[in-house]
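In what follows, a structure is listed as structure tokens, so that the remarks can point back to it.
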Protein chains: 6
Amino acid sequence: MGVVIENISRVDAGLVKQFAELGVATVHEAQARKGLLASYMRPIFAGRRVAGTAITVSVPAGDNWMIHVAVEQCQEGDIMVVAPTSPCSDGYFGDLLATSFMAHGIHALIIDAGIRDVAELTSMDFPVWSRCISAQGTVKETLGSVNIPIVCAYQQVHPGDLVLADDDGVVIVRRDEASRVLEKSLEREQRETEVRVRYSNGELGLDINNMRPRLAQKGLQYVSESAEE
Amino acid sequence: MGVVIENISRVDAGLVKQFAELGVATVHEAQARKGLLASYMRPIFAGRRVAGTAITVSVPAGDNWMIHVAVEQCQEGDIMVVAPTSPCSDGYFGDLLATSFMAHGIHALIIDAGIRDVAELTSMDFPVWSRCISAQGTVKETLGSVNIPIVCAYQQVHPGDLVLADDDGVVIVRRDEASRVLEKSLEREQRETEVRVRYSNGELGLDINNMRPRLAQKGLQYVSESAEE
Amino acid sequence: MGVVIENISRVDAGLVKQFAELGVATVHEAQARKGLLASYMRPIFAGRRVAGTAITVSVPAGDNWMIHVAVEQCQEGDIMVVAPTSPCSDGYFGDLLATSFMAHGIHALIIDAGIRDVAELTSMDFPVWSRCISAQGTVKETLGSVNIPIVCAYQQVHPGDLVLADDDGVVIVRRDEASRVLEKSLEREQRETEVRVRYSNGELGLDINNMRPRLAQKGLQYVSESAEE
Amino acid sequence: MGVVIENISRVDAGLVKQFAELGVATVHEAQARKGLLASYMRPIFAGRRVAGTAITVSVPAGDNWMIHVAVEQCQEGDIMVVAPTSPCSDGYFGDLLATSFMAHGIHALIIDAGIRDVAELTSMDFPVWSRCISAQGTVKETLGSVNIPIVCAYQQVHPGDLVLADDDGVVIVRRDEASRVLEKSLEREQRETEVRVRYSNGELGLDINNMRPRLAQKGLQYVSESAEE
Amino acid sequence: MGVVIENISRVDAGLVKQFAELGVATVHEAQARKGLLASYMRPIFAGRRVAGTAITVSVPAGDNWMIHVAVEQCQEGDIMVVAPTSPCSDGYFGDLLATSFMAHGIHALIIDAGIRDVAELTSMDFPVWSRCISAQGTVKETLGSVNIPIVCAYQQVHPGDLVLADDDGVVIVRRDEASRVLEKSLEREQRETEVRVRYSNGELGLDINNMRPRLAQKGLQYVSESAEE
Amino acid sequence: MGVVIENISRVDAGLVKQFAELGVATVHEAQARKGLLASYMRPIFAGRRVAGTAITVSVPAGDNWMIHVAVEQCQEGDIMVVAPTSPCSDGYFGDLLATSFMAHGIHALIIDAGIRDVAELTSMDFPVWSRCISAQGTVKETLGSVNIPIVCAYQQVHPGDLVLADDDGVVIVRRDEASRVLEKSLEREQRETEVRVRYSNGELGLDINNMRPRLAQKGLQYVSESAEE
């Protein structure tokens with residue numbers, strides 16, 4: 001507690017840009033379904049997708065002091081990822097901090113707690129994924145840490161990791177795996193594009209994926225309704 | 001487990017069209033408050049109302065294999081209703097399956113679990129009512145059943161039942177009761193139209209519904225604030 | 001139970017108008033973080049802010065009779081605040097009652113339970129903050145009370161109190177404290193306007209609020225990543 | 001609504017007695033994992049196992065009138081299964097009704113709502129499985145129904161079905177399937193007894209169930225920790 | 001915030017003793033179903049019933065400083081009632097504070113948050129009703145208040161009010177209503193004793209309460225199962 | 001996915017024994033409040049305290065295959081820590097696996113999911129901390145991993161870490177920090193023993209911890225009740 005790690009290594013900025021074109025679900029699949037934050041993490045408004053580098057912040061319940069400390073550690077393209085050490089719904093973040101974040105080029109906030117000033121944040125088009133919305137403020141009394149590994153919404157996040165968020169939620173890609181995951185994501189997207197055409201032509205998943213033999217082997221039975229009764 | 005009932009009887013298509021003009025709350029009232037799915041079932045985007053015939057799917061937790069099997073059993077105007085056998089938030093359904101659904105004329109998905117690709121589904125205008133949104137994928141390993149009676153979000157659903165969904169939630173009308181419920185719904189709507197005029201003119205529910213005598217009989221007391229203190 | 005207090009004292013209408021320009025978070029801070037309803041109370045559509053005077057209604061679970069009684073006690077500019085005596089998700093309120101509310105100049109509904117006809121209420125632009133949305137109707141069998149002090153979503157509400165609601169939630173200001181809280185809110189807003197400029201210029205909260213000495217005193221340590229490993 | 005079905009058919013009493021020797025988990029497995037009530041249904045005290053025949057009761061939220069009606073329909077060996085038509089935590093049942101239940105030979109109560117007088121019920125050794133405990137009372141104003149099919153804690157229950165409850169929860173066996181399920185349950189118990197000896201001797205599930213070839217085929221890799229790093 | 005009210009008026013100690021013989025459900029009924037804390041407030045061990053006078057404590061999330069301040073305001077027979085200003089599950093209280101409470105004659109703790117050292121508290125036989133159990137500690141940084149009116153688990157509590165808690169939960173009786181509520185509770189208990197005999201003799205609630213005419217009037221229908229099909 | 005790390009390093013067995021004498025709350029404090037599993041992790045029966053070394057298991061939702069794989073990796077004194085990759089309440093573990101665990105000297109199970117056969121596990125005195133209890137079984141179809149770092153109930157757990165669990169919950173101590181944390185825990189326990197005597201003599205925390213000057217400095221005001229009104 002009470003440590004700020006400076007000068008962290010970050011995932012390559014070129015990679016981040018390419019991830020910004022991909023969906024959370026695609027990337028999560030491409031890295032073997034790791035790193036997805038819990039589904040209670042929802043965007044405060046719909047329709048945004050952002051990618052960036054994680055600045056991690058461990059905060060006490062009801063205390064947002066470390067967010068101020070963490071801003072100084074950020075650079076253009078970062079995303080702040082904040083987790084309280086015990087469950088908390090208080091509003092750690094509002095339009096003043098968002099103004100500060102935007103001035104420092106921070107792309108988004110991911111926080112396993114509450115935020116406030118939703119109407120203003122929406123007008124500013126500053127995207128936030130949070131556990132809830134609450135006008136309840138916080139104090140500035142107890143230290144936490146910046147850029148230590150944290151658990152946010154059930155997932156481990158390391159500073160410098162890639163963060164990708166959209167309407168489906170938030171996924172974390174480990175810094176040293178980002179290049180490989182990007183490649184696999186692009187492959188997956190290519191395959192999905194091809195398959196989408198077949199689905200739109202009315203082909204069945206049963207046939208596209210050749211599922212019928214295995215279904216039969218597992219014992220799936222087809223019965224006509226009249227026969228059943 | 002592991003049964004697909006084919007050639008089910010469906011509620012009459014002409015009835016379905018007429019239900020599509022009615023609200024969930026109206027129909028729920030008209031059938032004596034039966035068949036309403038639990039309130040945690042929410043549309044992934046606002047503003048759509050759909051009616052259709054239920055294709056029911058019982059799936060294992062975290063396994064969407066049977067959804068592929070069920071598509072083959074659907075026809076134009078069906079709505080797929082999916083329930084896991086134990087609580088699950090995984091994303092069973094995304095834009096590829098939605099493409100398949102739309103190619104087969106399936107009007108909507110009702111699922112007591114998670115779905116993903118919300119941004120794409122919104123662009124495609126494909127409506128879904130679900131328990132949650134999650135990018136977490138599923139496997140295809142274990143059989144379930146199609147067109148058996150299921151319990152979805154606390155309500156019994158039979159294949160061929162009428163499904164009506166809007167921003168208020170989802171209601172199920174039993175196939176053999178659809179005609180009578182439609183009639184009562186239309187009557188109710190007619191009454192509400194008349195009463196709405198009276199409300200908009202400032203008349204009180206107390207008078208429109210002649211509540212004052214019964215309130216008095218139950219002992220309701222009116223006290224002026226000053227008298228009270 | 002079974003009491004209607006008439007002719008209540010109300011917070012001054014001039015004050016109410018001025019509060020309508022302020023945000024919930026600002027006012028909550030200005031009154032030392034009192035009176036905020038629990039964060040599960042959410043608007044049924046985004047983007048509205050309303051201020052008004054509380055008409056309080058205590059209702060049994062699943063029984064909306066007292067809402068009809070309460071309409072008669074309302075005047076232009078009131079906001080009805082409804083709390084069930086045990087937790088309930090039923091839909092106490094829909095478009096007919098909303099028509100009645102609008103005819104009587106009631107600005108909004110705050111209800112620690114469910115409501116229905118969301119699509120219609122959105123079209124009518126009638127704002128509601130509720131615990132949930134449910135088409136499940138209620139009965140009219142058991143008395144409750146109007147304009148007694150109630151607890152709604154964890155907060156005490158007295159009749160005549162000021163109610164302010166926006167996308168961040170709902171805050172209650174005691175009638176006799178409204179004037180002082182307004183003054184403090186305006187001061188706070190003024191300060192925030194000034195500070196916002198500094199944040200937008202890139203100044204850090206660390207410096208604007210002179211946090212560095214106290215952080216050092218508490219023992220915050222800065223370590224370079226390479227040094228750490 | 002408002003119907004009492006009398007003279008229902010019941011699962012055979014001899015079968016019920018044999019089920020009372022079996023565990024909920026065993027029977028649930030033996031009937032292919034159907035009929036298990038949601039896991040939030042918990043016993044009010046530990047250590048009891050009961051079997052009986054279902055008397056089903058559909059009740060309005062906060063109204064226990066139909067429980068009184070249902071007692072008259074019960075006979076020795078019945079278990080009352082109660083479900084509200086919308087979620088409710090009120091205390092529908094206490095020591096007076098338990099006294100009545102015991103006088104009529106009712107073995108237990110299963111209720112997807114609250115109950116009260118826990119200390120007294122424990123002293124009386126009257127077992128209850130409920131959603132919660134609450135001293136909040138109910139009213140007697142609105143009709144429900146007795147011995148219609150209901151959904152209780154996510155599962156369909158028909159009057160006359162077998163109900164089995166223990167510290168693991170509650171399972172429902174359809175009346176016409178009870179004989180076959182009993183047979184399969186006994187077989188399963190027999191097999192488990194044999195396997196238990198092997199487990200207690202230190203044999204691995206991997207070997208008892210011959211899992212190694214299939215794990216290898218799926219691609220499971222064994223790596224020594226030092227090799228990994 | 002930051003106020004300690006000293007020398008509060010307390011409900012009469014003689015009354016408290018008599019309440020200690022009564023159940024929470026009985027007293028809640030006797031005062032027209034007011035003052036019951038939410039059902040998530042559970043005892044950390046079963047079988048205790050306590051009555052006492054409320055010392056109220058408003059605490060920040062994650063900060064137990066005010067509990068230390070409040071001990072000094074307590075006297076023999078008090079019960080401390082603690083509510084955080086925003087939802088918190090941290091463990092505010094453990095065996096050291098319990099030792100202090102017992103040394104000062106405090107009968108119990110009611111806290112809408114977490115506590116810890118459950119095993120030790122059970123050995124010490126010190127009763128606690130809490131929202132949850134958590135080893136997560138708190139800080140001592142921010143002021144709260146002692147003996148101001150608070151909302152605890154959805155209910156208003158004033159200092160000096162009577163607190164009664166048992167396995168069914170916690171009920172608050174207003175100081176100025178305690179005498180009248182005691183009287184009504186004793187009457188109710190007397191009636192229940194008489195009725196219990198009738199129930200144990202097999203009489204039905206339908207007859208004891210003369211429910212049949214009103215059920216018939218509401219339209220309850222009795223149908224034999226065979227007739228129904 | 002699909003990896004088993006063998007021959008992991010384990011925290012020293014001598015340390016484990018000493019931790020078994022300490023409480024979860026004490027150790028959590030001693031390591032600066034790190035490593036506490038979420039408070040929904042509860043023991044299936046009260047009164048046990050266990051310490052051991054973590055064998056970590058990452059499992060798919062509804063699939064317990066990897067638990068069988070993991071048993072082979074265990075040795076006397078281990079505790080298995082299991083986390084599903086998405087939220088799941090199914091019963092992954094029952095009395096047969098418990099028999100196997102006891103035969104292999106596994107001290108306990110920590111699982112962020114459901115378990116079953118609670119009555120039998122209680123008779124066997126095999127301790128489990130779980131998210132819930134459910135008779136719903138699992139399948140054996142999809143690989144997971146053994147002895148990789150996992151997130152269980154919001155906390156990172158590495159194979160070989162120390163696990164300590166009692167009625168307050170579960171805390172994880174990193175292998176390389178165990179020795180230092182033990183030392184600090186013993187110191188803390190010593191201090192608490194001394195302080196407990198002072199508390200039991202009636203001394204106030206206000207004085208034992210010299211809180212009065214800082215409370216005054218923060219502005220705490222003492223007001224007599226009569227003065228206040």
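Residue numbering restarts at 1 for every chain of the structure tokens, chains are lettered A, B, ... in their displayed order, and ligands are numbered from 1 as they appear.
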
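The residues of segment 28-168 of chain C that DSSP assigns to alpha helix (DSSP H) on this backbone come out as His28, Glu29, Ala30, Trp65, Met66, Ile67, His68, Val69, Ala70, Val71, Asp95, Leu96, Leu97, Ala98, Thr99, Ser100, Phe101, Met102, Ala103, Val118, Ala119, Glu120, Leu121, Thr122, Ser123 and Met124 of chain C.
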
Notebook entry, point to check: Where in segment 1-99 of chain A does DSSP assign strand (DSSP E or B), given as a PyMOL selection string?
Noted result: chain A and resi 3-6+36+42-43+50-59+63+78-84+88+91

Margin query: At a cut-off of 10 Å, which residues of chain A touch chain C? Count only C-alpha atoms and give the answer as number ranges by chain.
Written below: A: 1-9, 45, 65-72, 89-91, 94-105, 114-120, 122, 132-138, 140-148

Next item on the list: Tell me, as a PyMOL selection string, which residues lie within 12 Å of Asp78 of chain C, counting only C-alpha atoms; anything in the same chain fewer than 3 positions away does not count.
Entry: chain C and resi 8-13+16-17+50-56+70-75+81+101-102+104-110+159-164

Writing out the chosen residues with C-alpha atoms as a compact mmCIF listing (two decimals), in the first residue's frame:
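Heads up, here's the output in selection34.txt:
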# COMPACT_ATOMS: atom_id res chain seq x y z
CA ILE C 8 -48.84 20.27 4.14
CA SER C 9 -46.21 22.98 4.19
CA ARG C 10 -44.04 23.00 1.09
CA VAL C 11 -40.58 24.22 0.33
CA ASP C 12 -40.76 27.65 -1.32
CA ALA C 13 -41.55 27.45 -5.05
CA VAL C 16 -37.45 24.90 -6.23
CA LYS C 17 -36.96 26.70 -9.52
CA VAL C 50 -36.47 17.81 -12.36
CA ALA C 51 -36.99 19.58 -9.07
CA GLY C 52 -40.20 19.62 -7.06
CA THR C 53 -41.88 19.25 -3.68
CA ALA C 54 -42.35 15.84 -2.12
CA ILE C 55 -45.76 14.31 -1.68
CA THR C 56 -44.91 11.14 0.25
CA ALA C 70 -52.29 11.00 -3.22
CA VAL C 71 -52.98 12.62 -6.60
CA GLU C 72 -55.76 14.63 -4.99
CA GLN C 73 -53.25 16.03 -2.48
CA CYS C 74 -50.88 17.25 -5.19
CA GLN C 75 -50.52 20.65 -6.77
CA VAL C 81 -42.32 9.87 -3.70
CA PHE C 101 -50.21 13.19 -12.96
CA MET C 102 -49.55 15.48 -15.94
CA HIS C 104 -52.44 17.81 -12.17
CA GLY C 105 -49.03 19.35 -12.80
CA ILE C 106 -47.06 16.64 -10.99
CA HIS C 107 -43.50 16.86 -12.29
CA ALA C 108 -42.20 13.34 -11.73
CA LEU C 109 -42.53 10.08 -9.85
CA ILE C 110 -39.89 8.63 -7.53
CA PRO C 159 -43.77 15.77 2.87
CA GLY C 160 -42.90 19.18 1.52
CA ASP C 161 -39.18 18.40 1.21
CA LEU C 162 -37.38 19.38 -1.96
CA VAL C 163 -36.75 16.54 -4.42
CA LEU C 164 -34.08 16.87 -7.10

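Between atom CA of Gly62 of chain A and atom CA of Gln155 of chain C the interatomic distance comes to 19.0 Å.
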
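The interatomic distance for the pair atom CA of Ile150 of chain F and atom CA of Val157 of chain A works out to 12.2 Å.
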
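The coordinates place atom CA of Ser130 of chain E at 27.2 Å from atom CA of Ile111 of chain A.
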